[in-house]
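So the structure is just underneath, and the comments pick up after that.
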Amino acid sequence: MKELLLATRNRKKLLELKRLLRGLNIRILSLDRFKGFPDVKEDKDTFRENAIKKSTEISKRTNMLVISDDSGLEVQSLSNAPGVKSARYAGASQNDDKNIAKLLKTMKRFKGKERKACFRTSICLSRYGKVIKVVSGRVDGKIAEQSSGASGFGYDPVFIPRNFEKTFALMSPKEKDRISHRAVALNKAKGVILEYFRRYPL
């Protein structure tokens with residue numbers, strides 16, 4: 001079976017990626033399966049640059065095809081913050097509950113259209129330190145006034161996608177996977193992955 005290495009140790013992100021790529025007959029592994037791989041610092045200014053950095057740095061250390069993503073929440077009224085700092089919005093601990101609490105407190109004075117937001121993601125495929133393809137995805141919505149739901153991760157409990165009345169965290173994985181930013185990006189990447197494995201069997 002073909003193997004794809006996801007450049008993360010985030011188990012929830014790994015499970016989501018496996019769901020989205022189900023049916024491709026590809027085994028998806030995370031960095032937890034390997035020793036000696038570094039934690040690549042996400043210190044770039046854009047999701048695209050961070051995704052490229054993670055993917056290329058890890059792919060220099062293996063012969064596997066490597067996929068990475070960098071995703072985050074952008075709130076229009078906050079000048080698109082937290083953006084690339086989404087995971088560290090409330091500090092370096094990368095604590096989802098603290099990040100959400102800070103966001104809700106910051107957003108307290110905003111109402112209606114002032115609560116517009118979007119999730120963005122950039123996904124990079126690399127091998128041997130070279131970029132094969134970068135794709136992006138986006139889903140628009142708004143910030144809820146309170147946290148709701150236990151599914152998903154990150155800001156899912158406070159993000160309500162457009163044309164819906166419930167947060168990502170109140171949706172089933174199947175519902176979320178139809179519209180999420182990662183789903184949009186991975187639908188673009190699927191054909192690239194399959195064509196790469198066809199041309200360059202690993």
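Within each chain, counting starts at residue 1; across the structure tokens, chains are named A, B, ... in the order shown, with ligands numbered 1 upward in that order.
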
For Lys108 of chain A, list every protein, DNA or RNA residue within 10 Å, evaluated using only C-alpha atoms, and leave out those in the same chain fewer than 6 positions away; present the list as a compact mmCIF listing (two decimals) with C-alpha atoms, in the first residue's frame.
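As a result, part30.txt now contains:
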```txt
# COMPACT_ATOMS: atom_id res chain seq x y z
CA ARG A 115 -18.76 38.69 13.68
CA GLU A 145 -21.60 34.24 20.90
CA GLN A 146 -20.85 31.17 23.00
```

request  = Could you give me, as a ChimeraX atom specification, the residues within 12 Å of Ser86 of chain A, counting only C-alpha atoms and dropping anything in the same chain fewer than 3 positions from it?
outcome  = /A:42,46-47,70-75,80-83,89-96,98-100,102-103,119-121,154-155

Residue set, chain A restricted to strand (DSSP E), as a VMD selection string = chain A and resid 2 to 6 26 to 30 65 to 75 81 to 82 116 to 127 130 to 143 159 to 161

Next, dump the selected residues to file, keeping only C-alpha atoms, as an mmCIF file, in the first residue's frame.
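Result file is result07.cif:
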```
data_model
loop_
_atom_site.group_PDB
_atom_site.id
_atom_site.type_symbol
_atom_site.label_atom_id
_atom_site.label_comp_id
_atom_site.auth_asym_id
_atom_site.auth_seq_id
_atom_site.Cartn_x
_atom_site.Cartn_y
_atom_site.Cartn_z
ATOM 1 C CA LYS A 2 1.190 3.526 -0.790
ATOM 2 C CA GLU A 3 2.114 5.660 2.230
ATOM 3 C CA LEU A 4 1.706 9.374 2.863
ATOM 4 C CA LEU A 5 3.390 11.117 5.794
ATOM 5 C CA LEU A 6 1.450 13.899 7.502
ATOM 6 C CA ILE A 26 -3.272 5.104 0.886
ATOM 7 C CA ARG A 27 -1.902 4.598 4.393
ATOM 8 C CA ILE A 28 -1.501 7.940 6.163
ATOM 9 C CA LEU A 29 1.089 8.156 8.929
ATOM 10 C CA SER A 30 1.950 10.949 11.349
ATOM 11 C CA LEU A 65 5.633 11.718 0.035
ATOM 12 C CA VAL A 66 4.917 14.340 2.715
ATOM 13 C CA ILE A 67 1.762 16.372 3.187
ATOM 14 C CA SER A 68 1.401 19.281 5.594
ATOM 15 C CA ASP A 69 -1.184 21.913 6.291
ATOM 16 C CA ASP A 70 -1.340 25.183 8.102
ATOM 17 C CA SER A 71 -4.785 26.394 8.988
ATOM 18 C CA GLY A 72 -6.337 29.110 11.040
ATOM 19 C CA LEU A 73 -9.219 31.391 11.798
ATOM 20 C CA GLU A 74 -9.500 34.917 10.439
ATOM 21 C CA VAL A 75 -11.987 37.345 11.982
ATOM 22 C CA ALA A 81 -6.581 37.893 13.621
ATOM 23 C CA PRO A 82 -5.779 35.392 15.024
ATOM 24 C CA LYS A 116 -17.903 37.523 10.146
ATOM 25 C CA ALA A 117 -14.999 35.081 9.994
ATOM 26 C CA CYS A 118 -13.467 32.386 7.853
ATOM 27 C CA PHE A 119 -11.289 29.325 8.225
ATOM 28 C CA ARG A 120 -8.385 29.077 5.787
ATOM 29 C CA THR A 121 -5.953 26.281 5.077
ATOM 30 C CA SER A 122 -2.953 25.756 2.854
ATOM 31 C CA ILE A 123 -1.814 22.215 2.080
ATOM 32 C CA CYS A 124 1.605 21.381 0.647
ATOM 33 C CA LEU A 125 2.821 18.134 -0.913
ATOM 34 C CA SER A 126 6.582 17.633 -1.016
ATOM 35 C CA ARG A 127 9.216 14.990 -1.592
ATOM 36 C CA LYS A 130 10.955 19.954 -3.115
ATOM 37 C CA VAL A 131 7.413 21.271 -3.420
ATOM 38 C CA ILE A 132 5.125 19.258 -5.669
ATOM 39 C CA LYS A 133 1.903 21.186 -5.178
ATOM 40 C CA VAL A 134 0.297 23.729 -2.850
ATOM 41 C CA VAL A 135 -3.481 24.043 -2.628
ATOM 42 C CA SER A 136 -5.766 26.124 -0.453
ATOM 43 C CA GLY A 137 -9.255 25.996 1.002
ATOM 44 C CA ARG A 138 -11.621 28.399 2.699
ATOM 45 C CA VAL A 139 -14.994 28.306 4.424
ATOM 46 C CA ASP A 140 -16.843 31.483 5.418
ATOM 47 C CA GLY A 141 -19.045 31.950 8.419
ATOM 48 C CA LYS A 142 -19.300 33.804 11.712
ATOM 49 C CA ILE A 143 -18.251 33.600 15.338
ATOM 50 C CA PHE A 159 -17.440 28.814 14.248
ATOM 51 C CA ILE A 160 -20.786 28.717 12.438
ATOM 52 C CA PRO A 161 -20.348 28.167 8.692
#
```

task = List the neighbours of Asp156 of chain A out to 9 Å using only C-alpha atoms; skip same-chain residues closer than 4 positions along the sequence, and give me the result as a PyMOL selection string.
result = chain A and resi 147-152+160+167-170
